[in-house]
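Note sheet for the following structure.
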Amino acid sequence: MSRTLKTSLLALAVVYQTYGQGSEEYGSGLKINIDQNGSKYVRFIIWNQIWSRAIEMNPASVVNGQPVDWLYDIGIRRARMLAYAQINKRFLILTHFGINNQTFINGGAPMGGMTGNGGTFTSGKKPGIFFHDVWNEYAVVPSINPETNKANKNSLYIGTGLHYWHGVSRMTSASTLNFLAVDAPIFNWFTIEFADQFARYFGIYAKGNLFDRLDYRVHLSRPFATNLELPRSNGLPILDRAVENNTGSNSWIQAGYFMWQFLDKESNVLPFTVGTYVGTKRVFNIGGGFQRMPNATKHFVYNGEDTVISSNTANIAGLDVFLDLPFGGASNQAFTLYSVLYNHQWGPNYYRTVGIMNEASTLKDPNYTGAISFNGFGNTRPLIGTGQIWYTQIGYLLPKKFLAKKVRGEQPLNGSPVINHYPNTKTRIDRIQLFGAYTLHNLERIGVPVHSIDVGFNYFIAGHHAKITLQYSARPHIPIDNGLRQEGFKSEFILQTQVFL
């Protein structure tokens with residue numbers, strides 16, 4: 001086999017492994033070859049994720065001026081485009097842009113349009129497209145020896161820009177295209193929209209492999225400026241409660257993640273890690289990582305007779321395991337497991353909540369007289385804080401024959417019934433994957449453990465390229481009048497439609 005043909009086949013295989021899980025039709029995707037053998041190319045990836053939701057709101061929530069117990073809506077979770085090119089084996093360029101989290105009332109540009117109601121301006125319209133990733137990368141020691149076209153056991157690539165090559169855990173660099181559950185738990189991106197730009201930093205990174213099986217990524221990055229006001233009550237400082245504030249600091253983030261691959265090796269051409277391979281790959285990895293961010297938070301503390309401000313270094317560590325194992329021969333069942341333990345040290349009583357596409361006002365219903373939630377209004381829940389977080393998710397890919405049915409006039413293929421046969425396509429079998437996830441937050445500020453549960457299923461029409469996901473989530477309800485003890489759950493139902501090309 002010629003050297004150019006080998007190189008071309010390798011490039012196609014890497015592209016397919018990176019994004020093409022579970023669909024024979026997709027091949028190398030939207031790829032423009034610049035030379036005849038395909039070793040020089042530009043690749044485009046386009047995807048939409050639309051959410052339809054029913055949400056049990058936290059007590060005293062108000063949406064668009066009305067008290068709401070249950071909210072029903074449709075919105076854009078993600079609409080993005082990514083392009084990368086490799087014209088020479090020694091360098092790569094990547095650009096990634098789009099929007100996230102647009103609802104009827106927020107997620108758009110300020111003063112984005114008039115909606116009636118007396119000419120009231122809202123921020124639900126015309127969201128601003130922004131860059132997620134912009135980076136350049138150079139091969140110092142390439143993964144493929146250019147002289148022999150054989151794989152090197154050790155490799156090194158260095159890049160700079162607005163990047164996603166994170167430390168701490170596998171899920172900190174999760175791809176948004178191939179989650180096992182409907183989405184990430186969000187606390188895997190622990191500086192989301194504070195010290196980063198939608199989970200990206202400006203910095204320099206190094207990545208590659210050592211000893212053939214050790215996948216590594218390290219980075220030195222500059223955090224975005226944060227300047228939250230330190231908390232006060234009636235004008236008096238609240239002691240020992242850290243908040244994100246790195247004013248007066250020129251410190252840099254140091255981070256790394258290291259993963260040993262026991263079975264099939266995963267592609268690391270791009271930083272995005274896979275949530276489930278839908279029965280197409282045998283993977284068993286154990287990893288660990290860290291992130292150190294000096295002067296990340298500040299808090300008030302007594303110093304003799306005076307109250308002064310003290311700075312804190314944020315230290316985050318993670319240990320995780322990922323298993324994706326097909327079994328059952330021709331039935332192509334698969335078991336998926338991901339489990340991670342995070343240890344967070346952000347300073348005393350640091351605590352942060354999150355509510356994805358939260359449409360509730362920050363003000364309570366004035367007519368509500370009961371206890372409100374410690375997490376706030378809408379669909380907010382615990383995100384991160386000083387303490388520990390344990391997250392585990394499992395998935396089971398049902399046998400191919402689960403949805404099998406004979407199509408009239410169609411002969412069995414190799415003795416197997418045909419399902420969902422469309423003329424002129426290779427799509428023959430739709431798949432169902434069940435999943436569940438559990439989260440334990442043990443955070444200093446709350447003082448007692450709190451729990452979250454997610455269950456659902458993926459219906460794969462063409463692998464991750466066309467899928468529908470239904471998930472039920474039970475987030476912790478923590479009223480402020482009960483010692484911050486969890487009192488049951490609040491419910492959410494999310495139906496996601498996803499297509500990516």
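We label chains A, B, ... in the order they appear in the structure tokens, count residues from 1 in each chain, and number ligands from 1 in the order shown.
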
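Summary of the local environment: counting only C-alpha atoms, residues at most 10 Å from Asn375 (chain A), other than itself and those fewer than 3 positions away along its chain, are Asn58, Tyr351, Arg352, Thr353, Val354, Gly355, Ile372, Gly378, Asn379, Thr380, Arg381, Pro382, Leu383, Pro476, His477, Ile478, Pro479 and Ile480 of chain A.
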
- Query: If we count only C-alpha atoms, what is near Ala206 (chain A) at a cut-off of 7 Å, once residues fewer than 2 positions away on the same chain are taken out, given as a PyMOL selection string?
  - Reply: chain A and resi 156-159+217-219

Restricting it to N, CA, C and O atoms, dump the selection as a compact mmCIF listing (two decimals), in the first residue's frame.
# COMPACT_ATOMS: atom_id res chain seq x y z
N LEU A 156 3.87 14.73 20.94
CA LEU A 156 3.74 16.03 21.58
C LEU A 156 3.22 17.05 20.58
O LEU A 156 3.80 17.22 19.50
N TYR A 157 2.12 17.69 20.95
CA TYR A 157 1.56 18.80 20.18
C TYR A 157 1.42 19.99 21.12
O TYR A 157 1.03 19.83 22.29
N ILE A 158 1.72 21.17 20.61
CA ILE A 158 1.62 22.40 21.40
C ILE A 158 0.71 23.38 20.67
O ILE A 158 0.82 23.56 19.45
N GLY A 159 -0.20 23.99 21.41
CA GLY A 159 -1.13 24.95 20.81
C GLY A 159 -1.34 26.17 21.68
O GLY A 159 -1.05 26.15 22.89
N ARG A 217 -2.76 15.82 28.72
CA ARG A 217 -3.00 17.20 28.31
C ARG A 217 -2.70 18.10 29.51
O ARG A 217 -3.16 17.85 30.62
N VAL A 218 -1.92 19.12 29.29
CA VAL A 218 -1.60 20.10 30.33
C VAL A 218 -1.73 21.49 29.72
O VAL A 218 -1.58 21.67 28.50
N HIS A 219 -2.03 22.46 30.57
CA HIS A 219 -2.13 23.82 30.03
C HIS A 219 -1.74 24.85 31.08
O HIS A 219 -1.85 24.62 32.29

- Task: Extract, using only C-alpha atoms, all DNA, RNA and protein residues at most 7 Å from Ser221 (chain A), discarding same-chain residues fewer than 5 positions from it, and format them as a list in words.
- Result: Tyr201, Phe202, Gly203, Ile204, Trp252, Ile253 and Gln254 of chain A

Take the selection from the previous step and output its residues with all heavy atoms, as a PDB file, in the first residue's frame.
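Saved file selection_4.pdb follows:
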ATOM      1  N   TYR A 201     -10.392  28.897  28.089  1.00  0.00           N
ATOM      2  CA  TYR A 201      -9.402  29.845  28.596  1.00  0.00           C
ATOM      3  C   TYR A 201      -8.475  30.285  27.468  1.00  0.00           C
ATOM      4  O   TYR A 201      -8.244  29.543  26.506  1.00  0.00           O
ATOM      5  CB  TYR A 201      -8.526  29.203  29.670  1.00  0.00           C
ATOM      6  CG  TYR A 201      -9.223  28.668  30.883  1.00  0.00           C
ATOM      7  CD1 TYR A 201      -9.115  27.319  31.214  1.00  0.00           C
ATOM      8  CD2 TYR A 201      -9.954  29.490  31.725  1.00  0.00           C
ATOM      9  CE1 TYR A 201      -9.718  26.804  32.347  1.00  0.00           C
ATOM     10  CE2 TYR A 201     -10.572  28.989  32.864  1.00  0.00           C
ATOM     11  CZ  TYR A 201     -10.452  27.646  33.165  1.00  0.00           C
ATOM     12  OH  TYR A 201     -11.061  27.138  34.283  1.00  0.00           O
ATOM     13  N   PHE A 202      -7.900  31.471  27.620  1.00  0.00           N
ATOM     14  CA  PHE A 202      -6.755  31.860  26.805  1.00  0.00           C
ATOM     15  C   PHE A 202      -5.498  31.250  27.408  1.00  0.00           C
ATOM     16  O   PHE A 202      -5.225  31.424  28.599  1.00  0.00           O
ATOM     17  CB  PHE A 202      -6.590  33.388  26.776  1.00  0.00           C
ATOM     18  CG  PHE A 202      -7.513  34.084  25.826  1.00  0.00           C
ATOM     19  CD1 PHE A 202      -8.433  35.015  26.290  1.00  0.00           C
ATOM     20  CD2 PHE A 202      -7.455  33.837  24.459  1.00  0.00           C
ATOM     21  CE1 PHE A 202      -9.286  35.672  25.422  1.00  0.00           C
ATOM     22  CE2 PHE A 202      -8.299  34.489  23.575  1.00  0.00           C
ATOM     23  CZ  PHE A 202      -9.224  35.406  24.062  1.00  0.00           C
ATOM     24  N   GLY A 203      -4.748  30.510  26.597  1.00  0.00           N
ATOM     25  CA  GLY A 203      -3.554  29.905  27.165  1.00  0.00           C
ATOM     26  C   GLY A 203      -2.752  29.119  26.161  1.00  0.00           C
ATOM     27  O   GLY A 203      -2.998  29.147  24.943  1.00  0.00           O
ATOM     28  N   ILE A 204      -1.789  28.397  26.689  1.00  0.00           N
ATOM     29  CA  ILE A 204      -0.951  27.501  25.900  1.00  0.00           C
ATOM     30  C   ILE A 204      -1.116  26.092  26.464  1.00  0.00           C
ATOM     31  O   ILE A 204      -1.194  25.914  27.674  1.00  0.00           O
ATOM     32  CB  ILE A 204       0.536  27.940  25.946  1.00  0.00           C
ATOM     33  CG1 ILE A 204       1.406  26.976  25.123  1.00  0.00           C
ATOM     34  CG2 ILE A 204       1.049  28.066  27.387  1.00  0.00           C
ATOM     35  CD1 ILE A 204       2.836  27.483  24.948  1.00  0.00           C
ATOM     36  N   TRP A 252      -1.710  32.829  36.869  1.00  0.00           N
ATOM     37  CA  TRP A 252      -2.099  31.956  35.775  1.00  0.00           C
ATOM     38  C   TRP A 252      -2.596  30.630  36.316  1.00  0.00           C
ATOM     39  O   TRP A 252      -2.180  30.176  37.385  1.00  0.00           O
ATOM     40  CB  TRP A 252      -0.910  31.716  34.833  1.00  0.00           C
ATOM     41  CG  TRP A 252      -0.542  32.920  34.009  1.00  0.00           C
ATOM     42  CD1 TRP A 252      -0.088  34.115  34.473  1.00  0.00           C
ATOM     43  CD2 TRP A 252      -0.595  33.039  32.596  1.00  0.00           C
ATOM     44  NE1 TRP A 252       0.148  34.980  33.444  1.00  0.00           N
ATOM     45  CE2 TRP A 252      -0.149  34.346  32.268  1.00  0.00           C
ATOM     46  CE3 TRP A 252      -0.965  32.183  31.570  1.00  0.00           C
ATOM     47  CZ2 TRP A 252      -0.077  34.795  30.959  1.00  0.00           C
ATOM     48  CZ3 TRP A 252      -0.876  32.626  30.255  1.00  0.00           C
ATOM     49  CH2 TRP A 252      -0.448  33.924  29.961  1.00  0.00           C
ATOM     50  N   ILE A 253      -3.472  29.990  35.550  1.00  0.00           N
ATOM     51  CA  ILE A 253      -3.978  28.659  35.874  1.00  0.00           C
ATOM     52  C   ILE A 253      -2.962  27.617  35.422  1.00  0.00           C
ATOM     53  O   ILE A 253      -2.417  27.700  34.322  1.00  0.00           O
ATOM     54  CB  ILE A 253      -5.324  28.402  35.170  1.00  0.00           C
ATOM     55  CG1 ILE A 253      -6.396  29.353  35.697  1.00  0.00           C
ATOM     56  CG2 ILE A 253      -5.764  26.955  35.325  1.00  0.00           C
ATOM     57  CD1 ILE A 253      -7.671  29.325  34.875  1.00  0.00           C
ATOM     58  N   GLN A 254      -2.722  26.620  36.277  1.00  0.00           N
ATOM     59  CA  GLN A 254      -1.919  25.449  35.894  1.00  0.00           C
ATOM     60  C   GLN A 254      -2.817  24.221  36.039  1.00  0.00           C
ATOM     61  O   GLN A 254      -3.459  24.037  37.077  1.00  0.00           O
ATOM     62  CB  GLN A 254      -0.706  25.302  36.803  1.00  0.00           C
ATOM     63  CG  GLN A 254       0.159  26.556  36.905  1.00  0.00           C
ATOM     64  CD  GLN A 254      -0.005  27.253  38.241  1.00  0.00           C
ATOM     65  OE1 GLN A 254       0.009  26.625  39.286  1.00  0.00           O
ATOM     66  NE2 GLN A 254      -0.151  28.572  38.206  1.00  0.00           N
TER      67      GLN A 254
END

- Can you pull out every residue within 10 Å of Arg232 (chain A), counting only C-alpha atoms, but drop anything in the same chain fewer than 5 positions away, and send it as number ranges by chain? A: 237-239, 241, 300

- With only C-alpha atoms as the atoms that count, which of A:Asn88, A:Asn482, A:Thr469, A:Asn234 lies nearest to Lys40 (chain A)? A:Asn88

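Residues in contact range of Ser361 (chain A), defined as at most 7 Å between only C-alpha atoms, with sequence neighbours fewer than 5 positions away removed, read Ser61, Val62 and Val63 of chain A.
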
- Using only C-alpha atoms, which of the listed residues (A:Asn358, A:Arg90, A:Asn48, A:Trp346) sits closest to Phe104 (chain A)?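 Of A:Asn358, A:Arg90, A:Asn48, A:Trp346, the one nearest Phe104 (chain A), counting only C-alpha atoms, is A:Asn358.
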
- Query: Pick the closest to Ser331 (chain A) from A:Asp212, A:Pro271, A:Ile429, A:Thr95: which is it, counting only C-alpha atoms?
  - Reply: A:Ile429

- Query: Neighbours of Ala109 (chain A) within 6 Å (only C-alpha atoms; same-chain residues fewer than 3 positions away dropped), as a ChimeraX atom specification?
  - Reply: /A:112,123,126-128

- Task: Do a neighbour search on Val68 (chain A) at 12 Å with only C-alpha atoms, toss out local chain neighbours closer than 2 positions, and write the hits as a PyMOL selection string.
- Result: chain A and resi 54-66+70-72+359-361+364-365+368+377-379

Create the file for the chosen residues now, containing N, CA, C and O atoms and written as a compact mmCIF listing (two decimals), in the first residue's frame.
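Full text of result17.txt as output:
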# COMPACT_ATOMS: atom_id res chain seq x y z
N ALA A 54 -40.60 20.52 30.75
CA ALA A 54 -41.60 20.75 31.78
C ALA A 54 -40.84 20.76 33.10
O ALA A 54 -40.20 19.77 33.46
N ILE A 55 -40.89 21.88 33.82
CA ILE A 55 -40.03 22.07 34.99
C ILE A 55 -40.88 22.45 36.20
O ILE A 55 -41.68 23.40 36.14
N GLU A 56 -40.71 21.71 37.27
CA GLU A 56 -41.28 22.10 38.55
C GLU A 56 -40.36 23.15 39.17
O GLU A 56 -39.21 22.87 39.51
N MET A 57 -40.86 24.37 39.33
CA MET A 57 -40.02 25.48 39.73
C MET A 57 -39.79 25.49 41.24
O MET A 57 -40.59 24.97 42.02
N ASN A 58 -38.69 26.10 41.65
CA ASN A 58 -38.45 26.33 43.06
C ASN A 58 -39.52 27.27 43.61
O ASN A 58 -40.11 28.07 42.87
N PRO A 59 -39.79 27.21 44.91
CA PRO A 59 -40.87 28.03 45.49
C PRO A 59 -40.69 29.52 45.23
O PRO A 59 -39.57 30.03 45.19
N ALA A 60 -41.82 30.20 45.02
CA ALA A 60 -41.89 31.66 44.86
C ALA A 60 -41.28 32.16 43.56
O ALA A 60 -40.92 33.33 43.46
N SER A 61 -41.18 31.27 42.55
CA SER A 61 -40.60 31.68 41.27
C SER A 61 -41.59 32.50 40.45
O SER A 61 -42.80 32.24 40.46
N VAL A 62 -41.07 33.48 39.73
CA VAL A 62 -41.86 34.37 38.88
C VAL A 62 -41.23 34.37 37.49
O VAL A 62 -40.02 34.58 37.35
N VAL A 63 -42.05 34.14 36.46
CA VAL A 63 -41.59 34.16 35.07
C VAL A 63 -42.44 35.14 34.29
O VAL A 63 -43.67 35.03 34.27
N ASN A 64 -41.82 36.11 33.68
CA ASN A 64 -42.51 37.11 32.87
C ASN A 64 -43.62 37.81 33.67
O ASN A 64 -44.70 38.08 33.15
N GLY A 65 -43.35 38.05 34.94
CA GLY A 65 -44.28 38.79 35.78
C GLY A 65 -45.38 37.96 36.42
O GLY A 65 -46.23 38.52 37.12
N GLN A 66 -45.36 36.63 36.21
CA GLN A 66 -46.41 35.78 36.76
C GLN A 66 -45.81 34.68 37.64
O GLN A 66 -44.81 34.08 37.28
N TRP A 70 -45.20 25.31 37.64
CA TRP A 70 -44.63 24.47 36.58
C TRP A 70 -44.45 25.34 35.34
O TRP A 70 -45.35 26.13 34.97
N LEU A 71 -43.31 25.19 34.68
CA LEU A 71 -43.00 25.94 33.48
C LEU A 71 -42.89 24.98 32.30
O LEU A 71 -42.27 23.93 32.40
N TYR A 72 -43.48 25.36 31.16
CA TYR A 72 -43.42 24.57 29.93
C TYR A 72 -42.83 25.47 28.84
O TYR A 72 -43.33 26.58 28.61
N GLU A 359 -35.54 30.75 33.37
CA GLU A 359 -36.37 31.87 32.93
C GLU A 359 -36.97 32.65 34.10
O GLU A 359 -37.70 33.61 33.88
N ALA A 360 -36.67 32.26 35.32
CA ALA A 360 -37.27 32.91 36.48
C ALA A 360 -36.57 34.22 36.81
O ALA A 360 -35.36 34.38 36.60
N SER A 361 -37.33 35.14 37.37
CA SER A 361 -36.78 36.38 37.88
C SER A 361 -35.92 36.11 39.11
O SER A 361 -36.07 35.09 39.78
N LYS A 364 -38.56 37.25 44.28
CA LYS A 364 -39.57 36.28 44.66
C LYS A 364 -40.97 36.81 44.43
O LYS A 364 -41.19 38.03 44.31
N ASP A 365 -41.92 35.90 44.35
CA ASP A 365 -43.33 36.24 44.30
C ASP A 365 -43.69 36.95 45.61
O ASP A 365 -43.57 36.36 46.70
N TYR A 368 -45.97 35.12 48.10
CA TYR A 368 -45.60 33.81 48.63
C TYR A 368 -45.12 33.97 50.07
O TYR A 368 -44.24 34.79 50.35
N PHE A 377 -34.37 30.87 42.66
CA PHE A 377 -35.65 30.68 41.98
C PHE A 377 -35.45 29.97 40.64
O PHE A 377 -34.35 29.83 40.13
N GLY A 378 -36.58 29.51 40.08
CA GLY A 378 -36.53 28.82 38.80
C GLY A 378 -36.10 27.37 38.97
O GLY A 378 -36.61 26.65 39.83
N ASN A 379 -35.14 26.94 38.14
CA ASN A 379 -34.66 25.55 38.18
C ASN A 379 -33.24 25.45 38.72
O ASN A 379 -32.51 24.52 38.39

- Query: Which of region 190-407 of chain A counts as strand (DSSP E) under DSSP, as a PyMOL selection string please?
  - Reply: chain A and resi 201-210+214-222+232-233+236-237+243-244+253-261+283-303+306-327+333-345+351-354+381-385+387-397
